[in-house]
Amino acid sequence: MKAGCHARVLFVCMGNICRSPTAQGVFSTLVEREWRGARVVVDSAGTHDYQIGQPPFVHAVAAAKRRGYSLPAHRARQVDATDFERFDWILAMDRANLEALTSLRPAGYEGHLGLLLDLVPGANIREVPDPYYGPTAAFDRALELVEQGSRALIARLRAAQDRGRPGAPIVRAK
């Protein structure tokens, strides 16, 4: 981890226009509100190249706005091998994207690669469903799940800071 930085976090979904920029915006906002003084690097990317260069999807932006968040001034990009050098935490929104990331993962990567919702204690759901083709309620549900995952990640990072070391990876049975 970079000196003076509490965490470097990358959120990943398929196209990088709905779930991962939502996670980027929600997590960044919650860090500002709930963990004053924390220094985090936050970004998002997609496993596919379908929407490279596009801004966050209008329905994701609207859902975030309804709950008091703003999504980053971001253009979709595809994850690449250098992300494993730049980020300590790479969190996928679903199993398919986690599998794609696992296939890119360099042998020496020592950071955390996993599902965002696996960080939520007692969660009965492991994936943030893709709301892209769904109704407004699907975007609201995705945002609620991202909030839960973001708060759990903040708790994890704060606890690690209190212990004076980065958080250990979470291993969850498949």
# chains A, B, ... in the order shown; residues from 1 in each chain; ligands from 1
>>> closest_atom_pairs(of="range 66-167 of chain A", to="range 35-50 of chain A", cutoff="9 Å", atoms="only C-alpha atoms", output="tab-separated table")
residue	atom	partner	partner_atom	distance
A:His74	CA	A:Ser44	CA	8.7
A:Ala76	CA	A:Ala45	CA	6.5
A:Arg77	CA	A:Ala45	CA	5.2
A:Gln78	CA	A:Gly46	CA	4.7
A:Val79	CA	A:Ala45	CA	5.2
A:Asp80	CA	A:Thr47	CA	8.4
A:Phe87	CA	A:Val41	CA	8.3
A:Asn97	CA	A:Thr47	CA	6.4
A:Ala100	CA	A:Thr47	CA	6.7
A:Leu101	CA	A:Thr47	CA	7.3
A:Ile154	CA	A:Trp35	CA	7.7
A:Arg158	CA	A:Trp35	CA	8.1
>>> write_last_selection(atoms="N, CA and C atoms", output="compact mmCIF listing (two decimals), in the first residue's frame")
# COMPACT_ATOMS: atom_id res chain seq x y z
N HIS A 74 -16.70 10.34 -14.95
CA HIS A 74 -15.96 9.13 -15.29
C HIS A 74 -16.33 8.69 -16.70
N ALA A 76 -16.15 5.17 -19.01
CA ALA A 76 -15.94 3.73 -18.88
C ALA A 76 -14.59 3.32 -19.46
N ARG A 77 -13.96 2.41 -18.75
CA ARG A 77 -12.69 1.85 -19.21
C ARG A 77 -12.67 0.36 -18.91
N GLN A 78 -11.80 -0.33 -19.57
CA GLN A 78 -11.66 -1.77 -19.37
C GLN A 78 -10.51 -2.03 -18.42
N VAL A 79 -10.73 -2.96 -17.49
CA VAL A 79 -9.68 -3.35 -16.56
C VAL A 79 -8.51 -3.95 -17.34
N ASP A 80 -7.30 -3.75 -16.83
CA ASP A 80 -6.13 -4.37 -17.48
C ASP A 80 -5.14 -4.83 -16.41
N PHE A 87 -3.89 -1.41 -7.42
CA PHE A 87 -4.96 -1.50 -6.43
C PHE A 87 -4.75 -2.65 -5.46
N ASN A 97 -17.88 -11.58 -13.45
CA ASN A 97 -16.80 -10.60 -13.52
C ASN A 97 -15.63 -10.99 -12.63
N ALA A 100 -13.62 -13.40 -14.66
CA ALA A 100 -12.83 -12.69 -15.68
C ALA A 100 -11.60 -12.05 -15.04
N LEU A 101 -11.77 -11.47 -13.86
CA LEU A 101 -10.64 -10.86 -13.16
C LEU A 101 -9.63 -11.91 -12.70
N ILE A 154 -15.47 -0.12 4.41
CA ILE A 154 -14.95 0.93 5.28
C ILE A 154 -14.67 0.38 6.67
N ARG A 158 -11.01 0.40 8.33
CA ARG A 158 -10.79 1.11 9.59
C ARG A 158 -10.25 0.17 10.66
>>> select_by_dssp(residues="range 21-140 of chain A", states="strand (DSSP E)", output="number ranges by chain")
A: 40-46, 89-92, 112-115
>>> residues_around(residues="His59 in chain A", least_positions_apart="2", cutoff="12 Å", atoms="only C-alpha atoms", output="list in words")
Ile17, Cys18, Arg19, Thr22, Pro55, Pro56, Phe57, Val61, Ala62, Ala63, Ala64, Lys65, Arg66, Leu71, Pro131, Tyr132, Tyr133, Gly134, Pro135, Thr136, Ala137, Ala138, Phe139, Asp140, Ala142 and Leu143 of chain A
>>> atom_distance(atom1="CA of Arg95 in chain A", atom2="CA of Ala159 in chain A")
26.4 Å
>>> decode(residues="range 70-107 of chain A", atoms="N, CA and C atoms", output="compact mmCIF listing (two decimals), in the first residue's frame")
# COMPACT_ATOMS: atom_id res chain seq x y z
N SER A 70 -23.44 11.50 -5.85
CA SER A 70 -23.16 11.86 -7.24
C SER A 70 -22.13 10.87 -7.75
N LEU A 71 -22.30 10.45 -8.98
CA LEU A 71 -21.35 9.53 -9.57
C LEU A 71 -20.19 10.32 -10.14
N PRO A 72 -19.04 9.68 -10.24
CA PRO A 72 -17.85 10.41 -10.69
C PRO A 72 -17.97 10.88 -12.13
N ALA A 73 -17.25 11.95 -12.43
CA ALA A 73 -17.10 12.39 -13.82
C ALA A 73 -16.15 11.38 -14.44
N HIS A 74 -16.70 10.34 -14.95
CA HIS A 74 -15.96 9.13 -15.29
C HIS A 74 -16.33 8.69 -16.70
N ARG A 75 -15.39 8.12 -17.37
CA ARG A 75 -15.64 7.49 -18.66
C ARG A 75 -15.27 6.03 -18.53
N ALA A 76 -16.15 5.17 -19.01
CA ALA A 76 -15.94 3.73 -18.88
C ALA A 76 -14.59 3.32 -19.46
N ARG A 77 -13.96 2.41 -18.75
CA ARG A 77 -12.69 1.85 -19.21
C ARG A 77 -12.67 0.36 -18.91
N GLN A 78 -11.80 -0.33 -19.57
CA GLN A 78 -11.66 -1.77 -19.37
C GLN A 78 -10.51 -2.03 -18.42
N VAL A 79 -10.73 -2.96 -17.49
CA VAL A 79 -9.68 -3.35 -16.56
C VAL A 79 -8.51 -3.95 -17.34
N ASP A 80 -7.30 -3.75 -16.83
CA ASP A 80 -6.13 -4.37 -17.48
C ASP A 80 -5.14 -4.83 -16.41
N ALA A 81 -4.08 -5.47 -16.84
CA ALA A 81 -3.12 -6.08 -15.92
C ALA A 81 -2.49 -5.06 -14.98
N THR A 82 -2.33 -3.82 -15.41
CA THR A 82 -1.71 -2.82 -14.53
C THR A 82 -2.58 -2.50 -13.32
N ASP A 83 -3.87 -2.77 -13.40
CA ASP A 83 -4.74 -2.53 -12.25
C ASP A 83 -4.33 -3.38 -11.06
N PHE A 84 -3.76 -4.54 -11.31
CA PHE A 84 -3.31 -5.40 -10.23
C PHE A 84 -2.06 -4.85 -9.54
N GLU A 85 -1.37 -3.96 -10.20
CA GLU A 85 -0.23 -3.28 -9.59
C GLU A 85 -0.68 -2.04 -8.82
N ARG A 86 -1.76 -1.44 -9.27
CA ARG A 86 -2.21 -0.16 -8.72
C ARG A 86 -3.18 -0.28 -7.55
N PHE A 87 -3.89 -1.41 -7.42
CA PHE A 87 -4.96 -1.50 -6.43
C PHE A 87 -4.75 -2.65 -5.46
N ASP A 88 -5.00 -2.35 -4.17
CA ASP A 88 -4.90 -3.35 -3.10
C ASP A 88 -6.19 -4.17 -2.99
N TRP A 89 -7.28 -3.55 -3.36
CA TRP A 89 -8.60 -4.17 -3.28
C TRP A 89 -9.24 -4.09 -4.65
N ILE A 90 -9.55 -5.23 -5.24
CA ILE A 90 -10.27 -5.28 -6.50
C ILE A 90 -11.55 -6.06 -6.23
N LEU A 91 -12.68 -5.37 -6.34
CA LEU A 91 -13.96 -5.93 -5.93
C LEU A 91 -14.93 -5.99 -7.09
N ALA A 92 -15.33 -7.21 -7.41
CA ALA A 92 -16.26 -7.45 -8.51
C ALA A 92 -17.69 -7.40 -7.99
N MET A 93 -18.59 -7.08 -8.89
CA MET A 93 -20.00 -7.01 -8.54
C MET A 93 -20.69 -8.36 -8.63
N ASP A 94 -20.14 -9.28 -9.42
CA ASP A 94 -20.77 -10.60 -9.56
C ASP A 94 -19.72 -11.65 -9.91
N ARG A 95 -20.15 -12.91 -9.86
CA ARG A 95 -19.23 -14.04 -10.08
C ARG A 95 -18.63 -14.05 -11.49
N ALA A 96 -19.41 -13.71 -12.50
CA ALA A 96 -18.89 -13.74 -13.87
C ALA A 96 -17.73 -12.75 -14.01
N ASN A 97 -17.88 -11.58 -13.45
CA ASN A 97 -16.80 -10.60 -13.52
C ASN A 97 -15.63 -10.99 -12.63
N LEU A 98 -15.90 -11.63 -11.51
CA LEU A 98 -14.81 -12.14 -10.67
C LEU A 98 -14.01 -13.20 -11.42
N GLU A 99 -14.70 -14.07 -12.15
CA GLU A 99 -13.99 -15.09 -12.95
C GLU A 99 -13.11 -14.44 -14.01
N ALA A 100 -13.62 -13.40 -14.66
CA ALA A 100 -12.83 -12.69 -15.68
C ALA A 100 -11.60 -12.05 -15.04
N LEU A 101 -11.77 -11.47 -13.86
CA LEU A 101 -10.64 -10.86 -13.16
C LEU A 101 -9.63 -11.91 -12.70
N THR A 102 -10.13 -13.04 -12.25
CA THR A 102 -9.24 -14.11 -11.80
C THR A 102 -8.35 -14.59 -12.95
N SER A 103 -8.89 -14.61 -14.16
CA SER A 103 -8.09 -15.05 -15.31
C SER A 103 -7.01 -14.02 -15.67
N LEU A 104 -7.20 -12.75 -15.30
CA LEU A 104 -6.20 -11.70 -15.55
C LEU A 104 -5.18 -11.56 -14.43
N ARG A 105 -5.52 -12.07 -13.28
CA ARG A 105 -4.72 -11.87 -12.06
C ARG A 105 -3.31 -12.43 -12.21
N PRO A 106 -2.30 -11.58 -12.02
CA PRO A 106 -0.91 -12.07 -12.07
C PRO A 106 -0.62 -12.98 -10.87
N ALA A 107 0.27 -13.90 -11.05
CA ALA A 107 0.60 -14.87 -9.99
C ALA A 107 1.05 -14.18 -8.71
